[in-house]
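> Compact mmCIF, C-alpha atoms, saved as target-v6.txt, coming up:
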```txt
# COMPACT_ATOMS: atom_id res chain seq x y z
CA MET L 214 -26.98 2.50 8.06
CA LYS L 215 -24.13 0.16 8.96
CA PHE L 216 -20.67 1.63 9.50
CA SER L 217 -18.11 0.06 7.20
CA PHE L 218 -14.76 -1.28 8.37
CA LYS L 219 -14.35 -3.10 5.02
CA ASN L 220 -11.79 -0.74 3.48
CA ASP L 221 -10.06 2.63 3.78
CA TYR L 222 -11.43 4.22 0.63
CA SER L 223 -15.18 4.29 1.31
CA GLU L 224 -15.13 8.04 1.95
CA GLY L 225 -14.39 10.73 -0.62
CA CYS L 226 -11.36 12.83 0.21
CA HIS L 227 -9.93 15.19 2.81
CA PRO L 228 -11.63 18.64 2.81
CA ASN L 229 -8.33 20.36 2.01
CA ILE L 230 -8.30 18.59 -1.34
CA LEU L 231 -11.86 19.54 -2.15
CA GLN L 232 -11.09 23.15 -1.29
CA ALA L 233 -7.96 23.15 -3.45
CA LEU L 234 -9.87 21.62 -6.37
CA LEU L 235 -12.58 24.25 -6.00
CA GLN L 236 -10.17 27.18 -5.77
CA SER L 237 -8.21 26.04 -8.84
CA ASN L 238 -11.24 24.95 -10.84
CA LEU L 239 -11.28 27.79 -13.38
CA ASP L 240 -7.51 28.09 -13.76
CA GLN L 241 -6.36 27.21 -17.24
CA GLN L 242 -3.50 24.75 -17.04
CA ALA L 243 -1.39 22.63 -19.37
CA GLY L 244 -2.52 19.05 -19.82
CA TYR L 245 -1.02 15.59 -19.30
CA GLY L 246 0.66 16.39 -15.99
CA GLU L 247 2.49 19.49 -17.17
CA ASP L 248 0.27 21.78 -15.08
CA GLU L 249 1.87 23.87 -12.36
CA TYR L 250 0.23 21.86 -9.58
CA SER L 251 1.61 18.52 -10.75
CA LEU L 252 5.07 19.99 -11.29
CA GLN L 253 5.05 21.50 -7.79
CA ALA L 254 3.79 18.27 -6.26
CA LYS L 255 6.57 16.29 -7.93
CA GLU L 256 9.20 18.67 -6.59
CA ARG L 257 7.69 18.54 -3.12
CA ILE L 258 7.87 14.74 -3.11
CA LYS L 259 11.50 14.84 -4.28
CA GLU L 260 12.34 17.27 -1.51
CA ARG L 261 10.57 15.07 1.04
CA ILE L 262 12.50 11.94 0.04
CA GLN L 263 15.73 13.96 -0.36
CA LYS L 264 16.40 12.55 -3.82
CA LYS L 265 16.33 15.22 -6.48
CA ASP L 266 17.36 12.72 -9.15
CA SER L 267 14.29 10.52 -8.65
CA GLU L 268 11.43 10.78 -11.11
CA VAL L 269 7.78 11.07 -10.03
CA TYR L 270 4.73 10.10 -12.06
CA PHE L 271 1.06 10.27 -11.08
CA VAL L 272 -1.50 7.60 -12.02
CA SER L 273 -5.06 7.09 -10.90
CA GLY L 274 -4.90 3.79 -8.98
CA GLY L 275 -2.82 1.06 -7.38
CA THR L 276 -3.50 -1.72 -9.89
CA GLN L 277 -2.57 0.71 -12.65
CA ALA L 278 0.65 1.61 -10.84
CA ASN L 279 1.61 -2.03 -10.32
CA LEU L 280 0.82 -3.02 -13.89
CA ILE L 281 2.71 -0.13 -15.49
CA VAL L 282 5.77 -0.37 -13.25
CA ILE L 283 6.19 -4.13 -13.51
CA SER L 284 5.44 -4.39 -17.23
CA SER L 285 7.86 -1.55 -17.98
CA ILE L 286 10.69 -3.13 -15.99
CA LEU L 287 10.52 -6.75 -17.10
CA ARG L 288 11.70 -8.21 -20.38
CA PRO L 289 9.35 -10.77 -22.01
CA TYR L 290 11.17 -13.74 -20.43
CA GLN L 291 11.41 -12.25 -16.90
CA CYS L 292 9.02 -12.55 -13.98
CA ALA L 293 8.12 -11.08 -10.60
CA VAL L 294 8.41 -12.64 -7.16
CA SER L 295 5.73 -11.94 -4.54
CA ALA L 296 4.46 -13.19 -1.21
CA SER L 297 1.38 -15.36 -1.70
CA THR L 298 -0.73 -12.66 -0.06
CA GLY L 299 0.56 -9.98 -2.42
CA HIS L 300 -2.01 -7.67 -3.97
CA ILE L 301 -0.76 -8.45 -7.49
CA LEU L 302 -1.63 -12.11 -6.92
CA ASN L 303 -4.96 -11.89 -5.14
CA ASN L 304 -6.68 -8.63 -5.97
CA GLU L 305 -5.75 -7.54 -9.47
CA THR L 306 -7.45 -10.09 -11.73
CA GLY L 307 -4.25 -11.25 -13.35
CA ALA L 308 -3.32 -7.72 -14.46
CA ILE L 309 0.41 -8.40 -14.27
CA GLU L 310 0.27 -11.82 -15.88
CA ALA L 311 -2.01 -10.41 -18.59
CA THR L 312 1.03 -8.43 -19.81
CA GLY L 313 2.92 -11.72 -20.22
CA HIS L 314 4.86 -11.77 -16.97
CA LYS L 315 4.52 -14.68 -14.56
CA ILE L 316 4.34 -14.08 -10.80
CA LEU L 317 6.19 -16.58 -8.62
CA SER L 318 4.36 -16.97 -5.30
CA ILE L 319 6.11 -17.49 -1.96
CA GLU L 320 4.23 -18.64 1.14
CA THR L 321 5.00 -16.52 4.22
CA GLU L 322 3.17 -16.30 7.53
CA ASP L 323 3.36 -12.53 7.89
CA GLY L 324 3.09 -11.38 4.29
CA LYS L 325 6.70 -10.17 4.17
CA LEU L 326 9.58 -11.41 2.02
CA ARG L 327 13.09 -12.08 3.26
CA PRO L 328 16.24 -13.17 1.40
CA SER L 329 15.85 -16.68 2.80
CA ASP L 330 12.41 -16.87 1.15
CA ILE L 331 13.71 -15.83 -2.26
CA ILE L 332 16.86 -17.98 -2.44
CA PRO L 333 14.94 -21.26 -3.15
CA VAL L 334 13.06 -19.49 -5.96
CA LEU L 335 16.30 -18.38 -7.60
CA GLU L 336 17.80 -21.83 -7.19
CA GLY L 337 14.66 -23.40 -8.64
CA HIS L 338 14.90 -21.22 -11.75
CA SER L 339 18.51 -21.80 -12.71
CA ASN L 340 17.77 -23.88 -15.80
CA VAL L 341 18.76 -21.10 -18.23
CA PRO L 342 17.25 -20.36 -20.73
CA HIS L 343 14.48 -22.90 -20.33
CA GLN L 344 12.66 -21.26 -17.42
CA VAL L 345 11.44 -17.74 -16.75
CA MET L 346 14.00 -15.48 -15.08
CA PRO L 347 13.12 -13.99 -11.66
CA LYS L 348 13.99 -10.31 -11.95
CA LEU L 349 11.69 -8.20 -9.78
CA VAL L 350 10.86 -8.57 -6.10
CA TYR L 351 7.45 -7.13 -5.25
CA ILE L 352 6.70 -6.17 -1.64
CA SER L 353 4.09 -4.06 0.13
CA ASN L 354 4.44 -1.82 3.18
CA SER L 355 2.20 -2.21 4.97
CA THR L 356 1.44 -5.71 3.69
CA GLU L 357 -1.96 -7.19 2.94
CA LEU L 358 -1.82 -8.68 6.44
CA GLY L 359 -1.15 -5.28 8.02
CA THR L 360 2.46 -6.08 8.92
CA ILE L 361 5.36 -3.73 8.21
CA TYR L 362 9.02 -3.82 7.24
CA GLN L 363 11.53 -2.55 9.77
CA ALA L 364 14.57 -0.67 8.50
CA LYS L 365 16.93 -3.61 8.98
CA GLU L 366 14.62 -5.97 7.11
CA LEU L 367 14.37 -3.63 4.13
CA GLU L 368 18.12 -3.00 4.17
CA GLU L 369 18.85 -6.73 4.07
CA LEU L 370 16.34 -7.29 1.29
CA SER L 371 17.67 -4.36 -0.73
CA GLU L 372 21.25 -5.60 -0.44
CA PHE L 373 20.19 -9.11 -1.43
CA CYS L 374 18.44 -7.77 -4.51
CA LYS L 375 21.50 -5.78 -5.55
CA GLN L 376 23.77 -8.80 -5.10
CA ASN L 377 21.46 -10.93 -7.23
CA ARG L 378 20.69 -8.27 -9.88
CA LEU L 379 17.04 -8.10 -8.88
CA TYR L 380 14.88 -4.98 -8.88
CA LEU L 381 13.05 -4.12 -5.65
CA PHE L 382 9.58 -2.61 -6.05
CA MET L 383 7.50 -1.50 -3.06
CA ASP L 384 3.74 -1.24 -3.39
CA GLY L 385 2.92 1.79 -1.26
CA ALA L 386 -0.88 1.73 -1.36
CA ARG L 387 -0.70 1.94 2.45
CA LEU L 388 2.83 3.27 2.78
CA GLY L 389 1.70 6.13 5.00
CA HIS L 390 0.19 3.66 7.44
CA GLY L 391 3.32 1.53 7.43
CA LEU L 392 5.67 4.41 8.09
CA THR L 393 3.55 5.96 10.87
CA SER L 394 3.01 2.69 12.71
CA GLU L 395 3.99 3.01 16.36
CA ILE L 396 6.60 0.26 15.94
CA SER L 397 8.12 1.47 12.65
CA ASP L 398 11.72 2.67 12.49
CA LEU L 399 11.63 3.13 8.73
CA THR L 400 11.48 6.55 7.07
CA LEU L 401 10.30 7.69 3.67
CA GLU L 402 13.82 8.86 2.88
CA ARG L 403 15.17 5.40 3.65
CA VAL L 404 12.54 3.76 1.46
CA ALA L 405 13.70 5.93 -1.44
CA GLU L 406 17.32 4.90 -0.82
CA LEU L 407 16.61 1.18 -0.63
CA THR L 408 14.10 0.60 -3.44
CA ASP L 409 14.37 0.87 -7.19
CA VAL L 410 10.74 1.97 -7.39
CA PHE L 411 7.99 2.62 -4.87
CA TYR L 412 4.77 4.56 -4.80
CA LEU L 413 2.89 6.76 -2.38
CA GLY L 414 -0.72 5.65 -2.24
CA GLY L 415 -3.31 8.40 -2.16
CA THR L 416 -6.49 6.43 -2.84
CA LYS L 417 -6.38 4.74 0.58
CA ASN L 418 -5.11 7.78 2.44
CA GLY L 419 -7.27 10.82 1.89
CA ALA L 420 -7.24 11.38 -1.87
CA LEU L 421 -10.16 10.97 -4.26
CA ILE L 422 -7.92 8.95 -6.54
CA GLY L 423 -4.23 8.76 -7.23
CA GLU L 424 -0.85 7.16 -6.59
CA ALA L 425 2.56 8.79 -6.96
CA ILE L 426 5.10 6.45 -8.57
CA VAL L 427 8.67 7.28 -7.55
CA ILE L 428 11.45 5.81 -9.70
CA ASN L 429 14.80 5.95 -7.90
CA ASN L 430 16.87 3.78 -10.24
CA PRO L 431 18.04 5.91 -13.21
CA VAL L 432 18.09 2.84 -15.47
CA LEU L 433 14.34 2.45 -15.03
CA GLN L 434 13.50 6.11 -15.59
CA GLU L 435 14.25 6.20 -19.30
CA ASP L 436 11.13 6.34 -21.46
CA PHE L 437 8.84 5.49 -18.55
CA ALA L 438 6.32 8.08 -19.68
CA PHE L 439 5.75 6.06 -22.86
CA ASN L 440 4.54 3.16 -20.72
CA ILE L 441 2.05 5.38 -18.91
CA LYS L 442 0.66 6.65 -22.20
CA GLN L 443 0.60 3.20 -23.78
CA LYS L 444 -1.39 1.78 -20.87
CA GLY L 445 -3.96 4.60 -21.00
CA ALA L 446 -2.90 6.17 -17.70
CA LEU L 447 -1.77 9.60 -18.90
CA LEU L 448 -4.68 11.85 -17.94
CA ALA L 449 -5.37 14.92 -20.06
CA LYS L 450 -6.53 16.59 -16.85
CA GLY L 451 -3.46 15.52 -14.91
CA ARG L 452 -4.03 18.48 -12.63
CA LEU L 453 -6.62 16.36 -10.80
CA LEU L 454 -3.83 14.16 -9.46
CA GLY L 455 -1.24 16.91 -9.00
CA ILE L 456 -3.52 19.11 -6.89
CA GLN L 457 -4.31 16.22 -4.57
CA PHE L 458 -0.70 15.28 -3.91
CA LEU L 459 0.28 18.89 -3.51
CA GLU L 460 -2.21 19.10 -0.66
CA LEU L 461 -1.35 15.71 0.84
CA MET L 462 2.35 16.54 1.00
CA LYS L 463 1.70 19.95 2.55
CA ASP L 464 2.50 20.16 6.29
CA ASP L 465 2.77 16.34 6.46
CA LEU L 466 -1.00 15.93 5.99
CA TYR L 467 -0.37 12.60 4.24
CA PHE L 468 1.30 11.14 7.32
CA ASP L 469 -1.10 12.72 9.81
CA LEU L 470 -4.05 11.07 8.07
CA ALA L 471 -2.35 7.67 8.08
CA LYS L 472 -1.40 8.02 11.74
CA HIS L 473 -5.01 8.80 12.65
CA ALA L 474 -6.20 5.65 10.86
CA ASN L 475 -3.61 3.58 12.72
CA GLN L 476 -4.58 5.03 16.09
CA GLN L 477 -8.27 4.27 15.54
CA ALA L 478 -7.46 0.66 14.67
CA MET L 479 -5.30 0.33 17.76
CA LYS L 480 -8.20 1.42 19.99
CA ILE L 481 -10.22 -1.51 18.68
CA LYS L 482 -7.24 -3.84 18.92
CA HIS L 483 -6.61 -2.96 22.56
CA ALA L 484 -10.28 -3.45 23.45
CA LEU L 485 -10.21 -6.90 21.88
CA GLN L 486 -6.94 -7.78 23.60
CA GLU L 487 -8.43 -6.85 26.97
CA LYS L 488 -11.07 -9.51 26.32
CA GLY L 489 -8.43 -12.12 25.48
CA VAL L 490 -9.04 -12.14 21.73
CA LYS L 491 -6.22 -13.55 19.59
CA PHE L 492 -5.20 -12.21 16.19
CA LEU L 493 -4.27 -13.77 12.88
CA SER L 494 -1.25 -11.45 12.69
CA ASP L 495 0.20 -8.94 15.13
CA THR L 496 -0.36 -5.64 13.38
CA TYR L 497 0.17 -2.00 14.34
CA THR L 498 -1.34 -0.35 11.27
CA ASN L 499 -4.92 0.40 10.24
CA GLN L 500 -5.63 -3.27 9.47
CA ILE L 501 -6.34 -5.76 12.25
CA PHE L 502 -7.38 -9.41 12.00
CA PRO L 503 -9.05 -10.58 15.24
CA ILE L 504 -10.14 -14.21 15.58
CA VAL L 505 -13.67 -14.25 16.97
CA SER L 506 -16.57 -16.65 17.25
CA ASN L 507 -19.02 -16.98 14.40
CA ASP L 508 -21.76 -16.01 16.86
CA LEU L 509 -20.00 -12.72 17.60
CA ILE L 510 -19.57 -12.12 13.88
CA LYS L 511 -23.35 -12.32 13.48
CA VAL L 512 -23.87 -9.78 16.26
CA LEU L 513 -21.25 -7.39 14.89
CA SER L 514 -22.71 -7.69 11.40
CA GLU L 515 -25.95 -6.13 12.63
CA ASN L 516 -24.29 -2.71 12.83
CA PHE L 517 -20.95 -3.00 11.02
CA GLU L 518 -19.58 -4.17 7.69
CA PHE L 519 -16.26 -6.04 7.47
CA TYR L 520 -14.70 -8.99 5.70
CA VAL L 521 -14.64 -12.49 7.13
CA TRP L 522 -11.04 -13.08 6.17
CA LYS L 523 -10.37 -16.70 7.02
CA LYS L 524 -12.11 -19.65 8.62
CA VAL L 525 -10.07 -20.86 11.60
CA ASP L 526 -12.24 -23.79 12.66
CA GLU L 527 -15.93 -24.67 12.87
CA GLU L 528 -16.60 -22.07 15.57
CA PHE L 529 -14.10 -19.27 14.93
CA SER L 530 -13.05 -17.08 12.00
CA ALA L 531 -10.63 -14.23 11.48
CA ILE L 532 -12.23 -10.96 10.40
CA ARG L 533 -10.50 -7.97 8.85
CA LEU L 534 -11.20 -4.53 10.25
CA ILE L 535 -9.81 -1.46 8.48
CA THR L 536 -9.98 2.10 9.70
CA SER L 537 -9.44 5.14 7.51
CA TRP L 538 -8.21 8.71 7.65
CA SER L 539 -11.76 9.80 8.50
CA THR L 540 -12.88 7.05 10.88
CA GLY L 541 -14.36 8.94 13.81
CA ASP L 542 -14.48 8.17 17.51
CA ALA L 543 -18.22 7.49 17.46
CA ALA L 544 -17.92 4.43 15.20
CA VAL L 545 -14.90 3.11 17.06
CA ASN L 546 -16.56 3.59 20.46
CA GLN L 547 -19.73 1.87 19.25
CA PHE L 548 -17.72 -1.13 18.06
CA VAL L 549 -15.81 -1.27 21.34
CA GLU L 550 -19.06 -1.16 23.33
CA VAL L 551 -20.39 -4.19 21.47
CA ILE L 552 -17.15 -6.04 22.23
CA LYS L 553 -17.38 -5.18 25.92
CA ARG L 554 -21.03 -6.22 26.04
CA GLU L 555 -20.75 -9.49 24.14
CA LEU L 556 -17.44 -10.86 25.41
CA PRO L 557 -17.02 -12.04 29.01
```
Using the file provided, produce a representation of the structure as structure tokens.

Amino acid sequence: MKFSFKNDYSEGCHPNILQALLQSNLDQQAGYGEDEYSLQAKERIKERIQKKDSEVYFVSGGTQANLIVISSILRPYQCAVSASTGHILNNETGAIEATGHKILSIETEDGKLRPSDIIPVLEGHSNVPHQVMPKLVYISNSTELGTIYQAKELEELSEFCKQNRLYLFMDGARLGHGLTSEISDLTLERVAELTDVFYLGGTKNGALIGEAIVINNPVLQEDFAFNIKQKGALLAKGRLLGIQFLELMKDDLYFDLAKHANQQAMKIKHALQEKGVKFLSDTYTNQIFPIVSNDLIKVLSENFEFYVWKKVDEEFSAIRLITSWSTGDAAVNQFVEVIKRELP
């Protein structure tokens, strides 16, 4: 059987979660997220971000989180702004626009947004009231290209959004990986200070399912639960999500799992660098994008699964390799051995 480097959610969940689910299985609990596990998990997240006035909501997946957050924030005539590689543009089948909100796309080389990228969009939508109004800036950390925001970059973006009355929403499907990157100087506490809304992704970091939406802006907290219910995301057995995040936030397990995934990816990255391989983007998270020959891709495909991300020319393509919280040394070492054998 081929080992998959296609995504970071191919495995089930961390054993601690399975054990917690088993131990709590016969406990009778309140429904719809009012169970003791969900309430404890929410408090633990608030303590971790050092913002007791934030509100935490659990939903089952990232697309669901993005759709509910954005549709709840925007008025009918407002729209979101995203990098062209943003998940809401390329991987969510028009979920956001299906709620009636346009997404304005910005081309960037590294998948990140900066104030200088957004200014032309604002200037190009000044024909009030004849055009849609840009109101929400959507970013991801780490991005779809595996890059991350440094503290200064997020601070500048946050200040720009405040000055221009824009909301800043961070997709945190891989937030653990972004924050534990070896080059990151950003903290979870700082993310909570600088964003209006963000979420902690569990699906791609050790959970069976689940994302924890954290609303920091009090204006956006009011009646948010109605949006979750209206969009079909309020689980009767909300305990399923609460138990998982209670375990993930215990003893920093969430960040340890993400750090492991990053480290495994860096082993492969370093092996490729030693052979002179170039990369589509310089990443330090669990996603890497080496540019290799199409012949090597055929060889690698005999034992591994991965995405061919982008054609570079007739002979070379960029592939995407993703490691997960459970990627073991054996698979990584096997991949590295093929690289050493096939590349001069």
> With distances taken over only C-alpha atoms, which of L:Asn475, L:Gln263, L:Asn516, L:Thr496 is nearest to Asp323 of chain L?
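Residue with the minimum atom-to-atom distance to Asp323 of chain L: L:Thr496.
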> Show which residues sit within 10 Å of Asn430 of chain L, as a VMD selection string. Count all atoms listed in the file, and ignore same-chain residues fewer than 4 positions away.
chain L and resid 266 to 268 380 to 381 405 to 410 434 to 435
> Which is closer to Gly275 of chain L than all the others in L:Glu460, L:Glu395, L:Glu310, L:Glu305, using all atoms listed in the file?
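That would be L:Glu305, the residue with the smallest distance to Gly275 of chain L.
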> Rank L:Ile456, L:Val294, L:Ile309, L:Ile361 by their smallest atom-to-atom distance to His338 of chain L, using all atoms listed in the file, and report the top residue only.
L:Val294
> Between L:Glu357, L:Asp240, L:Glu249, L:Glu336, which residue has the minimum interatomic distance to Leu454 of chain L, considering only C-alpha atoms?
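Looking only at the distances to Leu454 of chain L, the closest residue turns out to be L:Glu249.
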> Kindly give the distance, in Å, that separates atom CA of Ser355 of chain L and atom CA of Gly385 of chain L, rounded to a single decimal.
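Atom-to-atom, atom CA of Ser355 of chain L and atom CA of Gly385 of chain L are spaced 7.4 Å apart.
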> Just the number, please: distance in Å from atom CA of Leu326 of chain L to atom CA of Val490 of chain L, one decimal.
27.1 Å
> Any idea what's packed within 6 Å of segment 345-349 of chain L, counting only C-alpha atoms, ignoring anything in its chain fewer than 4 positions away? Could you give it as a ChimeraX atom specification?
/L:290-293,379-381
> From the structure just shown, export segment 260-317 of chain L with C-alpha atoms as a compact mmCIF listing (two decimals), in the first residue's frame.

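Wrote it out as result_1.txt, contents follow:
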```
# COMPACT_ATOMS: atom_id res chain seq x y z
CA GLU L 260 -7.47 30.66 29.32
CA ARG L 261 -4.93 29.68 26.67
CA ILE L 262 -5.53 32.82 24.59
CA GLN L 263 -5.82 34.97 27.75
CA LYS L 264 -9.10 36.51 26.61
CA LYS L 265 -11.95 35.63 28.92
CA ASP L 266 -14.34 37.86 26.98
CA SER L 267 -13.91 35.92 23.73
CA GLU L 268 -16.62 33.47 22.70
CA VAL L 269 -15.85 29.92 21.50
CA TYR L 270 -18.04 27.76 19.28
CA PHE L 271 -17.37 24.26 17.96
CA VAL L 272 -18.31 23.12 14.44
CA SER L 273 -17.44 19.98 12.55
CA GLY L 274 -15.28 21.28 9.68
CA GLY L 275 -13.32 24.10 8.10
CA THR L 276 -15.66 24.88 5.21
CA GLN L 277 -18.50 25.02 7.71
CA ALA L 278 -16.52 27.38 9.92
CA ASN L 279 -15.66 29.68 7.02
CA LEU L 280 -19.19 29.75 5.66
CA ILE L 281 -20.85 30.44 9.02
CA VAL L 282 -18.36 33.09 10.14
CA ILE L 283 -18.31 35.03 6.88
CA SER L 284 -22.04 34.84 6.20
CA SER L 285 -22.81 35.96 9.76
CA ILE L 286 -20.49 38.96 9.56
CA LEU L 287 -21.34 40.39 6.15
CA ARG L 288 -24.40 42.40 5.20
CA PRO L 289 -26.01 41.48 1.84
CA TYR L 290 -24.07 44.17 -0.06
CA GLN L 291 -20.66 43.42 1.52
CA CYS L 292 -17.92 41.07 0.36
CA ALA L 293 -14.74 39.31 1.45
CA VAL L 294 -11.18 39.85 0.27
CA SER L 295 -8.85 36.87 -0.11
CA ALA L 296 -5.54 35.88 -1.65
CA SER L 297 -6.12 34.02 -4.91
CA THR L 298 -4.85 30.83 -3.27
CA GLY L 299 -7.29 31.16 -0.38
CA HIS L 300 -9.21 28.05 0.61
CA ILE L 301 -12.55 29.85 0.29
CA LEU L 302 -11.78 30.49 -3.38
CA ASN L 303 -10.30 27.20 -4.49
CA ASN L 304 -11.51 24.40 -2.26
CA GLU L 305 -14.98 25.16 -1.00
CA THR L 306 -17.18 24.90 -4.11
CA GLY L 307 -18.45 28.44 -3.89
CA ALA L 308 -19.74 27.95 -0.34
CA ILE L 309 -19.21 31.59 0.59
CA GLU L 310 -20.56 33.03 -2.65
CA ALA L 311 -23.55 30.67 -2.40
CA THR L 312 -24.66 32.74 0.62
CA GLY L 313 -24.67 35.84 -1.61
CA HIS L 314 -21.28 37.29 -0.75
CA LYS L 315 -18.70 37.92 -3.45
CA ILE L 316 -15.02 37.12 -2.84
CA LEU L 317 -12.52 39.59 -4.28
```
